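Undergrad: I'm passing along work14.pdb; it holds PDB, C-alpha atoms and all ligand atoms.
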```pdb
ATOM      1  CA  MET A   1     277.571  82.162-131.856
ATOM      2  CA  SER A   2     274.542  80.012-132.735
ATOM      3  CA  ALA A   3     276.359  76.683-132.440
ATOM      4  CA  LYS A   4     274.599  74.426-129.936
ATOM      5  CA  LEU A   5     276.356  72.055-127.550
ATOM      6  CA  LEU A   6     274.564  68.697-127.269
ATOM      7  CA  HIS A   7     275.469  65.951-124.806
ATOM      8  CA  PHE A   8     275.125  62.415-126.115
ATOM      9  CA  PHE A   9     275.886  59.031-124.515
ATOM     10  CA  PRO A  10     275.791  60.156-120.897
ATOM     11  CA  THR A  11     276.653  57.918-117.933
ATOM     12  CA  PRO A  12     273.737  57.811-115.460
ATOM     13  CA  VAL A  13     274.594  58.318-111.782
ATOM     14  CA  ILE A  14     271.641  58.427-109.392
ATOM     15  CA  VAL A  15     272.016  60.151-106.039
ATOM     16  CA  ASP A  16     269.106  59.568-103.694
ATOM     17  CA  GLU A  17     268.565  60.770-100.130
ATOM     18  CA  VAL A  18     266.551  57.890 -98.688
ATOM     19  CA  GLY A  19     263.465  58.962 -96.725
ATOM     20  CA  ASP A  20     263.403  58.010 -93.052
ATOM     21  CA  ALA A  21     267.084  57.086 -93.252
ATOM     22  CA  GLU A  22     267.679  57.940 -89.588
ATOM     23  CA  ALA A  23     265.294  55.233 -88.389
ATOM     24  CA  LEU A  24     266.608  52.790 -91.006
ATOM     25  CA  ASN A  25     270.205  53.406 -89.957
ATOM     26  CA  ARG A  26     269.385  53.066 -86.256
ATOM     27  CA  GLU A  27     268.171  49.537 -87.028
ATOM     28  CA  LEU A  28     270.889  48.590 -89.507
ATOM     29  CA  GLU A  29     273.971  49.768 -87.642
ATOM     30  CA  PRO A  30     273.779  47.397 -84.626
ATOM     31  CA  LEU A  31     272.919  44.456 -86.911
ATOM     32  CA  ILE A  32     275.975  45.164 -89.082
ATOM     33  CA  LEU A  33     278.301  45.633 -86.095
ATOM     34  CA  GLU A  34     277.006  42.423 -84.540
ATOM     35  CA  GLN A  35     277.731  40.508 -87.760
ATOM     36  CA  HIS A  36     281.174  42.132 -87.932
ATOM     37  CA  LYS A  37     281.961  40.542 -84.540
ATOM     38  CA  ARG A  38     280.718  37.113 -85.666
ATOM     39  CA  ASP A  39     282.251  36.877 -89.135
ATOM     40  CA  SER A  40     285.717  37.574 -90.534
ATOM     41  CA  GLY A  41     284.185  38.600 -93.896
ATOM     42  CA  LEU A  42     285.737  38.760 -97.359
ATOM     43  CA  LYS A  43     288.751  40.528 -98.840
ATOM     44  CA  LEU A  44     288.121  41.943-102.326
ATOM     45  CA  SER A  45     288.727  45.558-103.408
ATOM     46  CA  ASN A  46     288.845  46.748 -99.803
ATOM     47  CA  ARG A  47     292.155  47.619 -98.177
ATOM     48  CA  GLY A  48     291.652  47.732 -94.442
ATOM     49  CA  GLY A  49     288.171  47.598 -93.001
ATOM     50  CA  TRP A  50     285.720  44.724 -93.073
ATOM     51  CA  GLN A  51     283.423  43.494 -95.848
ATOM     52  CA  SER A  52     280.680  41.016 -94.954
ATOM     53  CA  LYS A  53     279.898  37.896 -96.898
ATOM     54  CA  ARG A  54     276.934  38.109 -99.268
ATOM     55  CA  ASP A  55     274.573  36.779 -96.586
ATOM     56  CA  PHE A  56     273.317  40.240 -95.581
ATOM     57  CA  PRO A  57     269.604  39.353 -96.135
ATOM     58  CA  ARG A  58     269.878  36.521 -93.593
ATOM     59  CA  TRP A  59     270.855  38.752 -90.657
ATOM     60  CA  SER A  60     269.694  42.286 -91.558
ATOM     61  CA  GLY A  61     265.994  41.820 -90.707
ATOM     62  CA  THR A  62     263.207  44.077 -91.943
ATOM     63  CA  ALA A  63     265.581  47.066 -92.191
ATOM     64  CA  GLY A  64     267.725  45.148 -94.678
ATOM     65  CA  ARG A  65     264.579  44.192 -96.606
ATOM     66  CA  ARG A  66     263.457  47.847 -96.770
ATOM     67  CA  LEU A  67     266.860  48.870 -98.097
ATOM     68  CA  LEU A  68     266.777  46.147-100.767
ATOM     69  CA  ASP A  69     263.266  47.130-101.831
ATOM     70  CA  HIS A  70     264.231  50.787-102.063
ATOM     71  CA  ALA A  71     267.295  50.052-104.221
ATOM     72  CA  SER A  72     265.241  47.764-106.428
ATOM     73  CA  ALA A  73     262.591  50.485-106.934
ATOM     74  CA  VAL A  74     265.234  53.115-107.786
ATOM     75  CA  ALA A  75     266.894  50.734-110.252
ATOM     76  CA  SER A  76     263.535  49.999-111.914
ATOM     77  CA  ALA A  77     262.641  53.695-112.115
ATOM     78  CA  HIS A  78     265.870  54.394-114.014
ATOM     79  CA  THR A  79     265.938  51.385-116.325
ATOM     80  CA  GLY A  80     264.136  51.327-119.640
ATOM     81  CA  HIS A  81     263.342  48.241-121.658
ATOM     82  CA  ARG A  82     262.319  47.353-125.159
ATOM     83  CA  PRO A  83     258.544  47.460-125.630
ATOM     84  CA  ASP A  84     258.448  43.793-126.639
ATOM     85  CA  ARG A  85     260.276  42.715-123.470
ATOM     86  CA  PRO A  86     259.076  42.669-119.860
ATOM     87  CA  PRO A  87     260.529  45.116-117.311
ATOM     88  CA  PRO A  88     263.624  43.804-115.551
ATOM     89  CA  GLN A  89     263.437  41.472-112.571
ATOM     90  CA  TRP A  90     266.312  42.169-110.222
ATOM     91  CA  THR A  91     268.462  39.760-108.250
ATOM     92  CA  ILE A  92     270.482  41.689-105.684
ATOM     93  CA  ASP A  93     273.732  40.638-104.025
ATOM     94  CA  ILE A  94     274.170  42.790-100.959
ATOM     95  CA  TRP A  95     276.888  43.160 -98.351
ATOM     96  CA  ALA A  96     277.994  45.500 -95.576
ATOM     97  CA  ASN A  97     281.285  47.395 -95.191
ATOM     98  CA  VAL A  98     282.769  48.690 -91.959
ATOM     99  CA  ASN A  99     285.794  50.915 -92.486
ATOM    100  CA  THR A 100     288.125  52.220 -89.835
ATOM    101  CA  SER A 101     290.617  55.033 -90.286
ATOM    102  CA  GLY A 102     292.950  54.553 -93.270
ATOM    103  CA  ALA A 103     290.717  52.071 -95.147
ATOM    104  CA  PHE A 104     290.084  52.507 -98.867
ATOM    105  CA  ASN A 105     288.957  50.601-101.976
ATOM    106  CA  MET A 106     291.078  50.001-105.039
ATOM    107  CA  PRO A 107     289.594  50.941-108.464
ATOM    108  CA  HIS A 108     287.248  48.207-109.646
ATOM    109  CA  VAL A 109     284.095  47.388-111.608
ATOM    110  CA  HIS A 110     281.296  44.949-110.755
ATOM    111  CA  GLY A 111     281.246  42.381-113.544
ATOM    112  CA  GLY A 112     278.046  40.432-114.121
ATOM    113  CA  SER A 113     275.837  43.166-112.732
ATOM    114  CA  TYR A 114     273.694  45.933-114.304
ATOM    115  CA  TRP A 115     273.714  48.565-111.526
ATOM    116  CA  SER A 116     276.134  49.057-108.657
ATOM    117  CA  CYS A 117     274.736  50.624-105.533
ATOM    118  CA  VAL A 118     276.136  51.979-102.289
ATOM    119  CA  TYR A 119     274.185  53.220 -99.275
ATOM    120  CA  TYR A 120     275.780  55.032 -96.339
ATOM    121  CA  VAL A 121     274.564  53.890 -92.931
ATOM    122  CA  ARG A 122     277.121  56.011 -91.055
ATOM    123  CA  ALA A 123     279.301  58.360 -93.083
ATOM    124  CA  GLY A 124     281.266  59.183 -89.913
ATOM    125  CA  GLU A 125     283.260  62.264 -89.017
ATOM    126  CA  GLY A 126     286.616  62.642 -90.705
ATOM    127  CA  GLU A 127     288.543  63.422 -93.850
ATOM    128  CA  GLY A 128     288.515  61.665 -97.223
ATOM    129  CA  GLY A 129     286.518  58.537 -98.052
ATOM    130  CA  GLN A 130     284.960  60.049-101.191
ATOM    131  CA  LEU A 131     283.443  57.703-103.764
ATOM    132  CA  VAL A 132     285.461  58.337-106.942
ATOM    133  CA  LEU A 133     283.896  57.679-110.353
ATOM    134  CA  HIS A 134     286.412  57.361-113.177
ATOM    135  CA  ASP A 135     285.687  58.568-116.718
ATOM    136  CA  PRO A 136     285.020  55.426-118.800
ATOM    137  CA  ARG A 137     286.571  57.101-121.860
ATOM    138  CA  MET A 138     290.032  56.970-120.343
ATOM    139  CA  PRO A 139     292.706  56.642-121.601
ATOM    140  CA  ALA A 140     291.322  57.740-124.999
ATOM    141  CA  LEU A 141     290.775  61.273-123.664
ATOM    142  CA  ARG A 142     294.475  61.671-122.934
ATOM    143  CA  MET A 143     296.014  59.972-125.972
ATOM    144  CA  HIS A 144     296.281  62.783-128.535
ATOM    145  CA  ALA A 145     296.248  66.105-126.660
ATOM    146  CA  PRO A 146     296.438  65.521-122.935
ATOM    147  CA  GLY A 147     296.271  69.257-122.173
ATOM    148  CA  LEU A 148     292.958  69.889-123.978
ATOM    149  CA  ARG A 149     289.429  69.508-122.649
ATOM    150  CA  PHE A 150     286.019  69.498-124.315
ATOM    151  CA  ARG A 151     284.474  72.681-122.907
ATOM    152  CA  ASP A 152     281.314  72.418-120.744
ATOM    153  CA  SER A 153     281.256  68.646-121.002
ATOM    154  CA  GLY A 154     281.139  67.678-117.347
ATOM    155  CA  PRO A 155     283.794  66.358-115.008
ATOM    156  CA  ASP A 156     287.252  65.706-116.326
ATOM    157  CA  VAL A 157     288.822  62.233-115.860
ATOM    158  CA  ARG A 158     287.179  61.627-112.467
ATOM    159  CA  THR A 159     284.513  62.984-110.186
ATOM    160  CA  GLU A 160     283.880  62.533-106.478
ATOM    161  CA  ILE A 161     280.751  61.996-104.413
ATOM    162  CA  GLU A 162     280.896  62.978-100.755
ATOM    163  CA  PRO A 163     279.385  60.267 -98.548
ATOM    164  CA  LYS A 164     276.566  61.299 -96.236
ATOM    165  CA  SER A 165     274.499  59.122 -93.897
ATOM    166  CA  GLY A 166     271.264  58.141 -95.662
ATOM    167  CA  LEU A 167     272.622  58.712 -99.171
ATOM    168  CA  MET A 168     272.145  56.006-101.824
ATOM    169  CA  VAL A 169     274.135  56.114-105.084
ATOM    170  CA  LEU A 170     273.508  53.934-108.136
ATOM    171  CA  PHE A 171     275.707  53.836-111.216
ATOM    172  CA  PRO A 172     276.372  51.394-114.069
ATOM    173  CA  ALA A 173     278.246  48.333-112.830
ATOM    174  CA  TRP A 174     280.815  48.746-115.632
ATOM    175  CA  LEU A 175     281.845  52.186-114.360
ATOM    176  CA  LEU A 176     285.309  52.088-112.799
ATOM    177  CA  HIS A 177     285.212  53.435-109.244
ATOM    178  CA  SER A 178     287.264  53.545-106.071
ATOM    179  CA  VAL A 179     287.087  54.909-102.548
ATOM    180  CA  GLU A 180     289.632  57.390-101.221
ATOM    181  CA  PRO A 181     291.293  56.589 -97.893
ATOM    182  CA  TRP A 182     289.115  57.748 -95.035
ATOM    183  CA  PHE A 183     290.686  59.151 -91.880
ATOM    184  CA  GLY A 184     288.355  59.549 -88.961
ATOM    185  CA  GLU A 185     287.249  58.377 -85.553
ATOM    186  CA  GLY A 186     285.163  55.237 -85.102
ATOM    187  CA  ASN A 187     283.544  53.512 -88.058
ATOM    188  CA  ARG A 188     282.308  54.376 -91.511
ATOM    189  CA  ILE A 189     279.513  51.941 -92.340
ATOM    190  CA  SER A 190     278.039  51.356 -95.774
ATOM    191  CA  VAL A 191     276.041  48.732 -97.637
ATOM    192  CA  ALA A 192     276.870  47.828-101.238
ATOM    193  CA  MET A 193     274.818  45.980-103.841
ATOM    194  CA  ASN A 194     275.196  44.293-107.182
ATOM    195  CA  ILE A 195     271.820  44.694-108.886
ATOM    196  CA  ARG A 196     271.583  42.037-111.578
ATOM    197  CA  ALA A 197     268.907  41.667-114.218
ATOM    198  CA  ALA A 198     267.422  38.265-114.960
ATOM    199  CA  LEU A 199     268.361  37.804-118.599
ATOM    200  CA  ALA A 200     265.349  37.420-120.874
ATOM    201  CA  ARG A 201     265.448  34.709-123.537
ATOM    202  CA  ARG A 202     265.689  35.992-127.075
TER     203      ARG A 202
HETATM  204 FE    FE B 301     282.380  48.858-105.869
END
```
For this file, write the structure as structure tokens.
TA:
Amino acid sequence: MSAKLLHFFPTPVIVDEVGDAEALNRELEPLILEQHKRDSGLKLSNRGGWQSKRDFPRWSGTAGRRLLDHASAVASAHTGHRPDRPPPQWTIDIWANVNTSGAFNMPHVHGGSYWSCVYYVRAGEGEGGQLVLHDPRMPALRMHAPGLRFRDSGPDVRTEIEPKSGLMVLFPAWLLHSVEPWFGEGNRISVAMNIRAALARR
């Protein structure tokens, strides 16, 4: 058959193995654990575990700065702009997460942001804890013929990314996502970011 399958309107998800992550994580981990001891943190989409306040840049030193710069560069590399407008200037809200066994995140989006980003400082040994990305076309995909699928059109309803130390993931902030319960020994440590664009005047 000569019919061609084209994919339009994709959802960009960027998966990046950060160079020199081992050294970066060796610096970040003790700073995050130290802050965890000092501060009771925030309770948002996380169930169990600890989420820092948004003051990460104040206590994360040069390692935190390197991580911010890397995320900013990845966001810029994957963001286009109209020729009559300047490239985006990013403002980044950044925080740390320390999960213990059984912790998870409810499905949520990051309103008021352009990109969402997560970086794994220590993925930890254990089961579960996958980052789940939910198909933004739900529930439309299931309304008429729930048993049918568009063939060869990518993941169905949801897809999972397996955390790994040193991995950075960026995706549109409007994309619904959640984190499966993680069961393991010790801590799973990650850093999350809201990468916001300064809005240009029309
Ligand atoms: Fe999130």
Undergrad: Tell me which of A:Ala173, A:Met138, A:Met143, A:Ala198 sits closest to Asp156 (chain A), counting all atoms listed in the file.
TA: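 Among A:Ala173, A:Met138, A:Met143, A:Ala198, it is A:Met138 that comes nearest to Asp156 (chain A).
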Undergrad: Given the point (283.4, 62.5, -106.9) in the coordinates of this file, which residues lie within 6 Å, counting all atoms listed in the file, and how would they look as an mmCIF file with C-alpha atoms, in the coordinates of the input?
TA:
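Written file, result05.cif:
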```
data_model
loop_
_atom_site.group_PDB
_atom_site.id
_atom_site.type_symbol
_atom_site.label_atom_id
_atom_site.label_comp_id
_atom_site.auth_asym_id
_atom_site.auth_seq_id
_atom_site.Cartn_x
_atom_site.Cartn_y
_atom_site.Cartn_z
ATOM 1 C CA LEU A 131 283.443 57.703 -103.764
ATOM 2 C CA VAL A 132 285.461 58.337 -106.942
ATOM 3 C CA LEU A 133 283.896 57.679 -110.353
ATOM 4 C CA THR A 159 284.513 62.984 -110.186
ATOM 5 C CA GLU A 160 283.880 62.533 -106.478
ATOM 6 C CA ILE A 161 280.751 61.996 -104.413
#
```
Undergrad: Return as a VMD selection string the set of residues that the PyMOL selection byres (((chain A and resi 166-170) around 8) and not hetatm) yields on the displayed structure.
TA: chain A and resid 13 to 19 21 to 22 25 75 115 to 122 163 to 165 171 to 172
Undergrad: Measuring atom to atom with only C-alpha atoms and all ligand atoms, identify which of A:Trp59, A:Trp174, A:Trp182, A:Trp90 is nearest to ligand FE 301 (chain B).
TA: A:Trp174
Undergrad: Could you list, as a ChimeraX atom specification, every residue matched by the PyMOL selection byres (((not hetatm)) within 8 of (chain B and resi 301)) in this structure?
TA: /A:45,105,107-110,116-118,177-178,192
Undergrad: For the selection you just gave me, I'd like the residues written to a file as a tab-separated table (two decimals), in the frame of the given file, keeping C-alpha atoms.
TA:
```tsv
chain	number	residue	atom	x	y	z
A	45	SER	CA	288.73	45.56	-103.41
A	105	ASN	CA	288.96	50.60	-101.98
A	107	PRO	CA	289.59	50.94	-108.46
A	108	HIS	CA	287.25	48.21	-109.65
A	109	VAL	CA	284.10	47.39	-111.61
A	110	HIS	CA	281.30	44.95	-110.76
A	116	SER	CA	276.13	49.06	-108.66
A	117	CYS	CA	274.74	50.62	-105.53
A	118	VAL	CA	276.14	51.98	-102.29
A	177	HIS	CA	285.21	53.44	-109.24
A	178	SER	CA	287.26	53.54	-106.07
A	192	ALA	CA	276.87	47.83	-101.24
```
Undergrad: Quick one: apply the PyMOL selection byres (((chain A and resi 73) around 12) and not hetatm) to the file and drop the selected residues here as a ChimeraX atom specification.
TA: /A:16,18,66-72,74-79,87-90,92,170,195
Undergrad: For CA of Ile94 (chain A) and CA of Val191 (chain A), quote the distance in Å rounded to one decimal.
TA: 7.1 Å
Undergrad: Given all atoms listed in the file as the basis, pick out the residue of A:Val98, A:Leu141, A:Ala63, A:Met1 nearest to Leu42 (chain A).
TA: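 Looking only at the distances to Leu42 (chain A), the closest residue turns out to be A:Val98.
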Undergrad: Generate the missing atoms of region 150-175 of chain A up to N, CA and C atoms and report them as a JSON list (two decimals), keeping the file's coordinate frame.
TA:
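Okay, selection_9.json is ready:
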```
[["chain", "number", "residue", "atom", "x", "y", "z"],
["A", 150, "PHE", "N", 287.26, 69.06, -123.68],
["A", 150, "PHE", "CA", 286.02, 69.50, -124.32],
["A", 150, "PHE", "C", 285.35, 70.46, -123.34],
["A", 151, "ARG", "N", 285.03, 71.67, -123.81],
["A", 151, "ARG", "CA", 284.47, 72.68, -122.91],
["A", 151, "ARG", "C", 283.04, 72.32, -122.51],
["A", 152, "ASP", "N", 282.68, 72.60, -121.27],
["A", 152, "ASP", "CA", 281.31, 72.42, -120.74],
["A", 152, "ASP", "C", 280.80, 70.99, -120.96],
["A", 153, "SER", "N", 281.67, 70.03, -120.78],
["A", 153, "SER", "CA", 281.26, 68.65, -121.00],
["A", 153, "SER", "C", 281.37, 67.80, -119.74],
["A", 154, "GLY", "N", 281.19, 68.43, -118.60],
["A", 154, "GLY", "CA", 281.14, 67.68, -117.35],
["A", 154, "GLY", "C", 282.51, 67.44, -116.75],
["A", 155, "PRO", "N", 282.55, 66.58, -115.74],
["A", 155, "PRO", "CA", 283.79, 66.36, -115.01],
["A", 155, "PRO", "C", 284.88, 65.82, -115.92],
["A", 156, "ASP", "N", 286.10, 66.09, -115.53],
["A", 156, "ASP", "CA", 287.25, 65.71, -116.33],
["A", 156, "ASP", "C", 287.99, 64.55, -115.65],
["A", 157, "VAL", "N", 288.06, 63.43, -116.30],
["A", 157, "VAL", "CA", 288.82, 62.23, -115.86],
["A", 157, "VAL", "C", 288.18, 61.51, -114.67],
["A", 158, "ARG", "N", 287.80, 62.29, -113.61],
["A", 158, "ARG", "CA", 287.18, 61.63, -112.47],
["A", 158, "ARG", "C", 286.29, 62.63, -111.75],
["A", 159, "THR", "N", 285.34, 62.11, -111.02],
["A", 159, "THR", "CA", 284.51, 62.98, -110.19],
["A", 159, "THR", "C", 284.30, 62.30, -108.84],
["A", 160, "GLU", "N", 283.99, 63.09, -107.83],
["A", 160, "GLU", "CA", 283.88, 62.53, -106.48],
["A", 160, "GLU", "C", 282.50, 62.79, -105.90],
["A", 161, "ILE", "N", 282.00, 61.82, -105.16],
["A", 161, "ILE", "CA", 280.75, 62.00, -104.41],
["A", 161, "ILE", "C", 281.08, 61.91, -102.93],
["A", 162, "GLU", "N", 280.62, 62.91, -102.20],
["A", 162, "GLU", "CA", 280.90, 62.98, -100.76],
["A", 162, "GLU", "C", 279.87, 62.13, -100.01],
["A", 163, "PRO", "N", 280.33, 61.10, -99.29],
["A", 163, "PRO", "CA", 279.38, 60.27, -98.55],
["A", 163, "PRO", "C", 278.63, 61.06, -97.47],
["A", 164, "LYS", "N", 277.41, 60.64, -97.23],
["A", 164, "LYS", "CA", 276.57, 61.30, -96.24],
["A", 164, "LYS", "C", 275.61, 60.22, -95.71],
["A", 165, "SER", "N", 275.40, 60.15, -94.43],
["A", 165, "SER", "CA", 274.50, 59.12, -93.90],
["A", 165, "SER", "C", 273.13, 59.26, -94.56],
["A", 166, "GLY", "N", 272.58, 58.13, -95.03],
["A", 166, "GLY", "CA", 271.26, 58.14, -95.66],
["A", 166, "GLY", "C", 271.30, 58.32, -97.17],
["A", 167, "LEU", "N", 272.50, 58.51, -97.72],
["A", 167, "LEU", "CA", 272.62, 58.71, -99.17],
["A", 167, "LEU", "C", 272.77, 57.37, -99.89],
["A", 168, "MET", "N", 272.01, 57.20, -100.97],
["A", 168, "MET", "CA", 272.14, 56.01, -101.82],
["A", 168, "MET", "C", 272.62, 56.47, -103.20],
["A", 169, "VAL", "N", 273.61, 55.77, -103.76],
["A", 169, "VAL", "CA", 274.14, 56.11, -105.08],
["A", 169, "VAL", "C", 274.07, 54.87, -105.96],
["A", 170, "LEU", "N", 273.51, 55.02, -107.15],
["A", 170, "LEU", "CA", 273.51, 53.93, -108.14],
["A", 170, "LEU", "C", 274.25, 54.40, -109.38],
["A", 171, "PHE", "N", 275.00, 53.52, -109.98],
["A", 171, "PHE", "CA", 275.71, 53.84, -111.22],
["A", 171, "PHE", "C", 275.92, 52.53, -111.99],
["A", 172, "PRO", "N", 276.21, 52.63, -113.29],
["A", 172, "PRO", "CA", 276.37, 51.39, -114.07],
["A", 172, "PRO", "C", 277.51, 50.54, -113.50],
["A", 173, "ALA", "N", 277.27, 49.24, -113.46],
["A", 173, "ALA", "CA", 278.25, 48.33, -112.83],
["A", 173, "ALA", "C", 279.58, 48.31, -113.58],
["A", 174, "TRP", "N", 279.56, 48.74, -114.87],
["A", 174, "TRP", "CA", 280.82, 48.75, -115.63],
["A", 174, "TRP", "C", 281.66, 49.98, -115.36],
["A", 175, "LEU", "N", 281.12, 50.93, -114.59],
["A", 175, "LEU", "CA", 281.85, 52.19, -114.36],
["A", 175, "LEU", "C", 282.95, 51.98, -113.30]]
```
